[in-house]
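Chemist: For reference, the file data-v9.pdb (PDB, C-alpha atoms) is included below:
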ATOM      1  CA  MET A   1     109.491  84.416  96.972
ATOM      2  CA  LYS A   2     108.903  81.257  99.007
ATOM      3  CA  GLY A   3     105.823  82.863 100.539
ATOM      4  CA  SER A   4     104.479  83.690  97.072
ATOM      5  CA  LEU A   5     105.027  80.121  95.872
ATOM      6  CA  ILE A   6     103.042  78.773  98.816
ATOM      7  CA  ILE A   7     100.243  81.241  98.054
ATOM      8  CA  LEU A   8     100.334  80.254  94.377
ATOM      9  CA  SER A   9     100.151  76.568  95.267
ATOM     10  CA  PHE A  10      97.036  77.166  97.396
ATOM     11  CA  PHE A  11      95.468  79.103  94.526
ATOM     12  CA  ALA A  12      96.430  76.382  92.029
ATOM     13  CA  THR A  13      95.063  73.622  94.275
ATOM     14  CA  GLY A  14      91.741  75.444  94.548
ATOM     15  CA  LEU A  15      91.725  76.023  90.800
ATOM     16  CA  LEU A  16      92.275  72.330  90.000
ATOM     17  CA  LEU A  17      89.703  71.170  92.540
ATOM     18  CA  GLY A  18      87.268  73.634  90.974
ATOM     19  CA  ILE A  19      87.947  72.648  87.370
ATOM     20  CA  PHE A  20      87.624  68.912  88.073
ATOM     21  CA  ARG A  21      84.722  69.388  90.515
ATOM     22  CA  TRP A  22      86.475  67.517  93.323
ATOM     23  CA  PHE A  23      84.423  69.107  96.049
ATOM     24  CA  PRO A  24      80.856  68.803  97.367
ATOM     25  CA  ILE A  25      78.264  70.208  94.964
ATOM     26  CA  GLY A  26      76.313  73.234  96.157
ATOM     27  CA  TRP A  27      79.279  74.351  98.199
ATOM     28  CA  PHE A  28      79.039  77.973  97.112
ATOM     29  CA  GLU A  29      75.513  78.373  98.416
ATOM     30  CA  ASN A  30      77.412  79.450 101.520
ATOM     31  CA  ASP A  31      79.470  82.588 101.401
ATOM     32  CA  TYR A  32      82.585  81.034 102.964
ATOM     33  CA  SER A  33      85.109  83.363 101.397
ATOM     34  CA  PHE A  34      83.312  86.362 102.892
ATOM     35  CA  TYR A  35      83.484  84.862 106.396
ATOM     36  CA  VAL A  36      87.177  84.088 105.945
ATOM     37  CA  LEU A  37      87.777  87.639 104.741
ATOM     38  CA  CYS A  38      86.000  89.059 107.825
ATOM     39  CA  ALA A  39      88.112  86.855 110.114
ATOM     40  CA  LEU A  40      91.227  87.926 108.223
ATOM     41  CA  MET A  41      90.429  91.642 108.509
ATOM     42  CA  PHE A  42      89.692  91.240 112.225
ATOM     43  CA  SER A  43      93.090  89.551 112.694
ATOM     44  CA  VAL A  44      94.907  92.232 110.697
ATOM     45  CA  GLY A  45      93.097  94.829 112.845
ATOM     46  CA  ILE A  46      94.344  93.146 116.022
ATOM     47  CA  SER A  47      97.919  93.123 114.740
ATOM     48  CA  ILE A  48      97.671  96.847 113.904
ATOM     49  CA  GLY A  49      96.012  97.870 117.174
ATOM     50  CA  ASN A  50      98.365  95.694 119.186
ATOM     51  CA  ASP A  51     101.482  97.325 117.761
ATOM     52  CA  PRO A  52     102.084 100.634 119.602
ATOM     53  CA  THR A  53     104.319 102.041 116.847
ATOM     54  CA  SER A  54     101.909 101.490 113.924
ATOM     55  CA  ILE A  55      99.247 103.883 115.210
ATOM     56  CA  ARG A  56     101.810 106.601 115.880
ATOM     57  CA  GLN A  57     103.257 106.190 112.375
ATOM     58  CA  PHE A  58      99.904 107.016 110.749
ATOM     59  CA  ARG A  59     100.568 110.661 111.607
ATOM     60  CA  SER A  60     104.001 110.740 110.026
ATOM     61  CA  LEU A  61     102.733 109.659 106.600
ATOM     62  CA  ASN A  62     103.617 111.982 103.754
ATOM     63  CA  PRO A  63     100.598 114.099 102.653
ATOM     64  CA  ARG A  64     101.651 113.554  99.037
ATOM     65  CA  PHE A  65     100.360 109.973  99.293
ATOM     66  CA  ILE A  66      96.941 111.509  98.701
ATOM     67  CA  PHE A  67      97.851 111.466  94.987
ATOM     68  CA  LEU A  68      98.384 107.705  94.941
ATOM     69  CA  PRO A  69      94.945 106.786  93.456
ATOM     70  CA  LEU A  70      95.595 109.257  90.624
ATOM     71  CA  MET A  71      99.022 107.692  89.980
ATOM     72  CA  THR A  72      97.426 104.238  89.951
ATOM     73  CA  ILE A  73      94.877 105.286  87.343
ATOM     74  CA  LEU A  74      97.321 107.225  85.131
ATOM     75  CA  GLY A  75     100.013 104.544  85.368
ATOM     76  CA  THR A  76      97.531 101.826  84.413
ATOM     77  CA  PHE A  77      96.344 103.836  81.412
ATOM     78  CA  ALA A  78      99.937 104.443  80.264
ATOM     79  CA  GLY A  79     100.749 100.725  80.435
ATOM     80  CA  ILE A  80      97.500  99.738  78.668
ATOM     81  CA  LEU A  81      98.069 102.354  75.976
ATOM     82  CA  VAL A  82     101.489 100.892  75.145
ATOM     83  CA  VAL A  83     100.255  97.302  74.972
ATOM     84  CA  SER A  84      97.117  98.220  73.009
ATOM     85  CA  PHE A  85      99.298  98.958  69.984
ATOM     86  CA  PHE A  86     100.319  95.298  69.956
ATOM     87  CA  LEU A  87      96.736  94.015  70.227
ATOM     88  CA  LYS A  88      95.677  94.774  66.670
ATOM     89  CA  ASN A  89      92.190  93.262  66.878
ATOM     90  CA  ARG A  90      91.191  95.423  69.869
ATOM     91  CA  SER A  91      90.651  99.173  69.870
ATOM     92  CA  VAL A  92      92.474 101.401  72.352
ATOM     93  CA  ASN A  93      89.161 102.202  74.068
ATOM     94  CA  GLU A  94      88.338  98.520  74.526
ATOM     95  CA  CYS A  95      91.759  97.928  76.100
ATOM     96  CA  MET A  96      91.303 100.984  78.347
ATOM     97  CA  ALA A  97      87.884  99.690  79.468
ATOM     98  CA  VAL A  98      89.474  96.372  80.508
ATOM     99  CA  GLY A  99      92.270  98.234  82.321
ATOM    100  CA  SER A 100      89.706 100.423  84.110
ATOM    101  CA  GLY A 101      88.614  97.406  86.125
ATOM    102  CA  PHE A 102      91.742  97.865  88.317
ATOM    103  CA  GLY A 103      91.371  94.314  89.631
ATOM    104  CA  TYR A 104      87.671  94.703  90.393
ATOM    105  CA  TYR A 105      86.808  91.762  88.150
ATOM    106  CA  SER A 106      83.215  91.080  89.161
ATOM    107  CA  LEU A 107      81.898  94.573  88.472
ATOM    108  CA  SER A 108      84.094  95.448  85.472
ATOM    109  CA  SER A 109      83.412  92.175  83.633
ATOM    110  CA  ILE A 110      79.658  92.464  84.120
ATOM    111  CA  LEU A 111      79.624  96.071  82.896
ATOM    112  CA  ILE A 112      81.827  95.337  79.894
ATOM    113  CA  THR A 113      79.712  92.302  78.959
ATOM    114  CA  GLN A 114      76.651  94.561  78.984
ATOM    115  CA  TYR A 115      78.262  97.261  76.867
ATOM    116  CA  LYS A 116      80.621  95.373  74.553
ATOM    117  CA  GLY A 117      79.628  91.722  74.609
ATOM    118  CA  ILE A 118      80.716  88.516  76.238
ATOM    119  CA  GLU A 119      84.157  88.186  74.643
ATOM    120  CA  LEU A 120      85.561  91.478  75.933
ATOM    121  CA  GLY A 121      83.692  90.854  79.191
ATOM    122  CA  THR A 122      85.547  87.554  79.609
ATOM    123  CA  ILE A 123      88.873  89.250  78.830
ATOM    124  CA  ALA A 124      88.031  91.830  81.509
ATOM    125  CA  LEU A 125      87.264  89.059  83.994
ATOM    126  CA  LEU A 126      90.496  87.183  83.266
ATOM    127  CA  ALA A 127      92.706  90.287  83.115
ATOM    128  CA  ASN A 128      91.395  91.669  86.394
ATOM    129  CA  ILE A 129      91.684  88.343  88.225
ATOM    130  CA  MET A 130      95.271  88.200  86.934
ATOM    131  CA  ARG A 131      95.957  91.701  88.217
ATOM    132  CA  GLU A 132      94.837  90.653  91.687
ATOM    133  CA  VAL A 133      96.901  87.452  91.555
ATOM    134  CA  LEU A 134      99.979  89.329  90.229
ATOM    135  CA  THR A 135      99.700  91.717  93.175
ATOM    136  CA  LEU A 136      99.357  88.893  95.695
ATOM    137  CA  LEU A 137     102.340  87.016  94.269
ATOM    138  CA  PHE A 138     104.773  89.840  93.530
ATOM    139  CA  ALA A 139     104.058  92.264  96.382
ATOM    140  CA  PRO A 140     107.388  91.472  98.165
ATOM    141  CA  TRP A 141     109.312  91.931  94.927
ATOM    142  CA  MET A 142     107.501  95.213  94.128
ATOM    143  CA  VAL A 143     108.316  96.660  97.568
ATOM    144  CA  LYS A 144     111.960  95.722  97.129
ATOM    145  CA  TYR A 145     112.472  97.382  93.747
ATOM    146  CA  PHE A 146     109.709 100.013  93.449
ATOM    147  CA  GLY A 147     109.070 101.187  97.012
ATOM    148  CA  LYS A 148     106.320 100.627  99.535
ATOM    149  CA  LEU A 149     103.585 102.328  97.507
ATOM    150  CA  SER A 150     103.944 100.012  94.496
ATOM    151  CA  PRO A 151     101.900  96.986  95.677
ATOM    152  CA  ILE A 152      99.129  99.401  96.710
ATOM    153  CA  SER A 153      99.013 100.780  93.155
ATOM    154  CA  ALA A 154      99.213  97.286  91.691
ATOM    155  CA  GLY A 155      96.276  96.147  93.825
ATOM    156  CA  GLY A 156      94.120  98.914  92.320
ATOM    157  CA  ALA A 157      90.519  98.667  93.522
ATOM    158  CA  THR A 158      91.168  95.616  95.712
ATOM    159  CA  THR A 159      93.496  97.188  98.280
ATOM    160  CA  MET A 160      90.782  97.671 100.892
ATOM    161  CA  ASP A 161      89.729  94.020 100.864
ATOM    162  CA  THR A 162      91.394  91.048  99.176
ATOM    163  CA  THR A 163      94.937  92.361  98.696
ATOM    164  CA  PHE A 164      94.909  94.436 101.905
ATOM    165  CA  PRO A 165      96.531  91.821 104.202
ATOM    166  CA  ILE A 166      99.369  91.179 101.734
ATOM    167  CA  ILE A 167     100.041  94.917 101.426
ATOM    168  CA  VAL A 168     100.116  95.400 105.199
ATOM    169  CA  LYS A 169     102.470  92.443 105.467
ATOM    170  CA  ASN A 170     104.910  93.777 102.850
ATOM    171  CA  SER A 171     104.649  97.590 102.983
ATOM    172  CA  GLY A 172     104.144  97.743 106.752
ATOM    173  CA  LYS A 173     101.254  98.426 109.106
ATOM    174  CA  ASP A 174     101.684 102.194 108.812
ATOM    175  CA  PHE A 175     100.608 101.918 105.160
ATOM    176  CA  ALA A 176      97.260 100.306 106.072
ATOM    177  CA  ILE A 177      95.449 103.642 105.939
ATOM    178  CA  VAL A 178      96.999 104.517 102.518
ATOM    179  CA  SER A 179      95.892 101.130 101.217
ATOM    180  CA  ILE A 180      92.283 101.566 102.369
ATOM    181  CA  TYR A 181      92.073 105.148 101.081
ATOM    182  CA  GLN A 182      93.532 104.158  97.704
ATOM    183  CA  GLY A 183      91.229 101.140  97.368
ATOM    184  CA  PHE A 184      88.189 103.229  98.231
ATOM    185  CA  VAL A 185      88.906 105.947  95.646
ATOM    186  CA  VAL A 186      89.896 103.582  92.811
ATOM    187  CA  ASP A 187      86.976 101.250  93.573
ATOM    188  CA  PHE A 188      84.615 104.201  93.287
ATOM    189  CA  SER A 189      86.103 105.197  89.911
ATOM    190  CA  VAL A 190      85.651 101.765  88.258
ATOM    191  CA  PRO A 191      81.997 102.015  87.101
ATOM    192  CA  PHE A 192      82.518 105.545  85.793
ATOM    193  CA  LEU A 193      85.741 104.867  83.889
ATOM    194  CA  VAL A 194      84.552 101.532  82.445
ATOM    195  CA  THR A 195      81.322 103.158  81.235
ATOM    196  CA  PHE A 196      83.259 106.108  79.826
ATOM    197  CA  PHE A 197      85.628 103.984  77.719
ATOM    198  CA  CYS A 198      82.829 101.692  76.540
ATOM    199  CA  SER A 199      80.788 104.663  75.346
ATOM    200  CA  LEU A 200      83.588 106.192  73.235
TER     201      LEU A 200
ATOM    202  CA  MET B   1      75.467  86.414  82.366
ATOM    203  CA  GLU B   2      76.088  85.579  85.978
ATOM    204  CA  PHE B   3      79.486  85.025  87.438
ATOM    205  CA  LEU B   4      79.816  82.677  90.353
ATOM    206  CA  ILE B   5      82.226  84.996  92.062
ATOM    207  CA  SER B   6      81.361  86.228  95.494
ATOM    208  CA  LEU B   7      84.833  86.995  96.765
ATOM    209  CA  GLN B   8      84.585  90.577  95.645
ATOM    210  CA  LEU B   9      82.115  92.610  97.504
ATOM    211  CA  ASN B  10      79.157  94.865  97.173
ATOM    212  CA  SER B  11      79.193  98.067  99.178
ATOM    213  CA  LEU B  12      77.293  96.700 102.211
ATOM    214  CA  LYS B  13      79.770  93.851 102.560
ATOM    215  CA  MET B  14      82.628  96.310 102.082
ATOM    216  CA  PHE B  15      81.472  98.264 105.138
ATOM    217  CA  ILE B  16      81.111  95.046 107.130
ATOM    218  CA  VAL B  17      84.694  94.113 106.248
ATOM    219  CA  ILE B  18      86.037  97.525 107.284
ATOM    220  CA  ALA B  19      83.976  97.340 110.500
ATOM    221  CA  PHE B  20      85.630  93.994 111.308
ATOM    222  CA  MET B  21      89.060  95.543 110.869
ATOM    223  CA  LEU B  22      88.195  98.552 113.050
ATOM    224  CA  ALA B  23      86.846  96.183 115.715
ATOM    225  CA  GLY B  24      90.130  94.254 115.475
ATOM    226  CA  ILE B  25      92.142  97.454 115.932
ATOM    227  CA  ALA B  26      90.043  98.316 119.013
ATOM    228  CA  VAL B  27      90.541  94.826 120.480
ATOM    229  CA  GLY B  28      94.261  94.881 119.719
ATOM    230  CA  TYR B  29      94.591  98.306 121.324
ATOM    231  CA  LEU B  30      92.557  97.444 124.447
ATOM    232  CA  PHE B  31      94.639  94.316 125.005
ATOM    233  CA  ARG B  32      97.955  95.887 124.041
ATOM    234  CA  ARG B  33      99.527  94.498 127.223
ATOM    235  CA  TRP B  34      99.034  91.036 125.765
ATOM    236  CA  LYS B  35     101.233  89.947 122.942
ATOM    237  CA  PHE B  36      99.182  88.056 120.391
ATOM    238  CA  ARG B  37     102.018  85.848 119.216
ATOM    239  CA  PHE B  38      99.749  83.577 117.222
ATOM    240  CA  ILE B  39      98.275  86.421 115.153
ATOM    241  CA  ASN B  40     100.821  86.486 112.310
ATOM    242  CA  GLY B  41     100.510  82.737 111.836
ATOM    243  CA  LEU B  42      96.728  83.084 111.836
ATOM    244  CA  ILE B  43      96.856  85.873 109.232
ATOM    245  CA  ILE B  44      99.001  83.899 106.794
ATOM    246  CA  THR B  45      96.826  80.787 107.264
ATOM    247  CA  LEU B  46      93.693  82.795 106.489
ATOM    248  CA  ILE B  47      95.409  84.289 103.409
ATOM    249  CA  TRP B  48      96.159  80.746 102.178
ATOM    250  CA  LEU B  49      92.556  79.730 102.792
ATOM    251  CA  LEU B  50      91.259  82.787 100.947
ATOM    252  CA  LEU B  51      93.496  82.109  97.939
ATOM    253  CA  PHE B  52      92.376  78.482  97.920
ATOM    254  CA  LEU B  53      88.748  79.695  97.848
ATOM    255  CA  LEU B  54      89.569  82.190  95.072
ATOM    256  CA  GLY B  55      91.054  79.320  93.055
ATOM    257  CA  LEU B  56      87.919  77.230  93.656
ATOM    258  CA  GLU B  57      85.661  80.067  92.530
ATOM    259  CA  VAL B  58      87.671  80.741  89.384
ATOM    260  CA  GLY B  59      87.957  77.000  88.624
ATOM    261  CA  THR B  60      84.223  76.362  88.936
ATOM    262  CA  ASN B  61      83.432  79.260  86.611
ATOM    263  CA  GLU B  62      82.908  77.311  83.375
ATOM    264  CA  ASN B  63      82.944  80.411  81.227
ATOM    265  CA  VAL B  64      86.407  81.401  82.453
ATOM    266  CA  VAL B  65      87.854  77.890  82.137
ATOM    267  CA  ARG B  66      86.449  77.341  78.638
ATOM    268  CA  GLN B  67      87.677  80.689  77.256
ATOM    269  CA  PHE B  68      91.039  80.669  78.986
ATOM    270  CA  GLY B  69      93.035  79.191  76.109
ATOM    271  CA  LYS B  70      91.612  81.610  73.587
ATOM    272  CA  LEU B  71      91.547  84.847  75.574
ATOM    273  CA  GLY B  72      94.041  84.133  78.342
ATOM    274  CA  PHE B  73      97.107  85.547  76.608
ATOM    275  CA  GLU B  74      95.407  88.793  75.639
ATOM    276  CA  ALA B  75      94.093  89.156  79.185
ATOM    277  CA  PHE B  76      97.550  88.486  80.590
ATOM    278  CA  LEU B  77      99.155  91.176  78.411
ATOM    279  CA  LEU B  78      96.561  93.732  79.555
ATOM    280  CA  ALA B  79      96.892  92.696  83.217
ATOM    281  CA  PHE B  80     100.686  92.791  83.098
ATOM    282  CA  ALA B  81     100.870  96.160  81.303
ATOM    283  CA  GLY B  82      98.310  97.812  83.585
ATOM    284  CA  THR B  83      99.975  96.485  86.723
ATOM    285  CA  LEU B  84     103.482  97.430  85.601
ATOM    286  CA  GLY B  85     102.343 100.928  84.564
ATOM    287  CA  SER B  86     100.754 101.571  87.956
ATOM    288  CA  VAL B  87     103.781 100.164  89.798
ATOM    289  CA  ILE B  88     106.079 102.556  87.921
ATOM    290  CA  ALA B  89     103.701 105.492  88.595
ATOM    291  CA  ALA B  90     103.704 104.613  92.311
ATOM    292  CA  TRP B  91     107.500 104.388  92.217
ATOM    293  CA  ILE B  92     107.685 107.942  90.794
ATOM    294  CA  LEU B  93     105.492 109.215  93.661
ATOM    295  CA  TRP B  94     107.582 107.235  96.167
ATOM    296  CA  ILE B  95     110.859 108.703  94.877
ATOM    297  CA  SER B  96     109.416 112.248  94.849
ATOM    298  CA  THR B  97     108.489 111.959  98.545
ATOM    299  CA  LYS B  98     111.924 110.560  99.409
ATOM    300  CA  ASN B  99     113.705 113.435  97.666
ATOM    301  CA  LYS B 100     111.581 115.983  99.504
ATOM    302  CA  LYS B 101     112.581 114.469 102.833
ATOM    303  CA  ALA B 102     116.258 114.525 101.877
ATOM    304  CA  SER B 103     116.200 118.180 100.839
ATOM    305  CA  LYS B 104     114.629 119.361 104.113
TER     306      LYS B 104
END
Could you write out this structure as structure tokens?
Modeler:
Amino acid sequence: MKGSLIILSFFATGLLLGIFRWFPIGWFENDYSFYVLCALMFSVGISIGNDPTSIRQFRSLNPRFIFLPLMTILGTFAGILVVSFFLKNRSVNECMAVGSGFGYYSLSSILITQYKGIELGTIALLANIMREVLTLLFAPWMVKYFGKLSPISAGGATTMDTTFPIIVKNSGKDFAIVSIYQGFVVDFSVPFLVTFFCSL
Amino acid sequence: MEFLISLQLNSLKMFIVIAFMLAGIAVGYLFRRWKFRFINGLIITLIWLLLFLLGLEVGTNENVVRQFGKLGFEAFLLAFAGTLGSVIAAWILWISTKNKKASK
């Protein structure tokens, strides 16, 4: 929990600096976050390769984990379906389209804006950023109560990049391969599922 | 509409990111005699930096900030429900694999 609060405070600090423009203008001409992500993935790689047990444990993973992307997608739809009954001014298909972003906010929000307009597109952007942030903050709690696969499902399409280090930290290094596989499959499904629900 | 968000990646960048991790695994494996004690501290520091940058990118997106009050609650409900649903689905899969191990 303490770790999550520190992460949240870094996010909040960035958010406030961004909102009030307390940073040099033109800063985002440079792709800093991408360089940081590359450095982060390299470091996570070192910690995996350096640990003799983690590579051996890859082989002992349960083959059933291959169904994890399917569980992620079905579980998300079930949750969205329930909450869509409470959102009276949105259709079930619109809610499903937002849920089909699986945390991939840049792509899903652009697609939904194209198909359904800027308001639902903005909801998709916000909801999918929130999904990523929820995963980053509550990953330790999820592992504790719902098992080591749960933060991987929660991360949805982001588990091979932005949420990957948090998942490895909380579920363990032997789940790195599950996380990348899951992220790859769900990521691939986003444009198809979003388009499908927007066309209904 | 253009979003100022570059943290999420196109497919070329995705492969670059994975390549960096594979290179890291190779380096970690080749130097497995050395214990990289600083690496966990480095990882958490980079995570903080990345989250700070994510906050900056979201905060400088005027569209998101302006609409947050109006659409934020709806978005939160959808995010929470989708996340919780997938967490429960993953829990079901997790329990089913545990039971299989126990019955063997």
Chemist: Can you tell me which residues surround A:Leu107 at a distance of at most 9 Å, considering only C-alpha atoms, apart from same-chain residues fewer than 5 positions away, and format the answer as a PyMOL selection string?
Modeler: (chain A and resi 101+112+125+190-191) or (chain B and resi 8)
Chemist: Can you pull out the residues contacting A:Ser150? Cut-off 10 Å, using all atoms listed in the file, and skip same-chain residues under 3 positions away; I want them as a list in words.
Modeler: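 Within the cut-off, the hits are Leu68, Thr72, Thr135, Ala139, Pro140, Trp141, Met142, Val143, Lys144, Tyr145, Phe146, Gly147, Ser153, Ala154, Gly155, Ile167 and Ser171 of chain A; Thr83, Leu84, Ser86, Val87, Ile88, Ala89, Ala90, Trp91, Ile92, Leu93 and Trp94 of chain B.
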Chemist: What are the residues of chain B lining chain A at 7 Å or less? Count only C-alpha atoms, and put the answer as a ChimeraX atom specification.
Modeler: /B:5,7-8,17,20-29,32,39,43,46,48,50-60,64,71-72,75-76,78-79,81-91,94
Chemist: Given all atoms listed in the file as the basis, pick out the residue of B:Leu49, B:Ile16, B:Thr97, B:Gly41 nearest to A:Ile66.
Modeler: B:Thr97
Chemist: Grab the atom CA of A:Phe164 to atom CA of B:Leu30 distance for me, in Å with one decimal place.
Modeler: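 Distance reported for this atom pair: 22.9 Å.
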Chemist: Suppose you want the space between atom CA of B:Arg37 and atom CA of A:Phe138; what is it in Å?
Modeler: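 Between atom CA of B:Arg37 and atom CA of A:Phe138 the gap works out to 26.1 Å.
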Chemist: So what do you get for atom CA of A:Phe192 versus atom CA of A:Lys88, distance-wise?
Modeler: 25.6 Å
Chemist: Go through A:Asn93, A:Ser60, A:Ser179, A:Thr53 and flag the residue nearest A:Lys116, using all atoms listed in the file for the distances.
Modeler: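 Checking each of A:Asn93, A:Ser60, A:Ser179, A:Thr53 against A:Lys116, counting all atoms listed in the file, the winner is A:Asn93.
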Chemist: Can you report as AutoDock Vina command-line options the centre and edge lengths in Å, to one decimal, of an axis-aligned box around the listed atoms of stretch 31-35 of chain B padded with 8 Å on each side?
Modeler:
--center_x 97.9 --center_y 92.9 --center_z 125.1 --size_x 22.6 --size_y 21.9 --size_z 20.3
Chemist: Nearest to A:Leu137: which of B:Ile95, B:Ile47, B:Asn63, B:Phe38 is it, counting only C-alpha atoms?
Modeler: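 For A:Leu137, the nearest of the given residues is B:Ile47.
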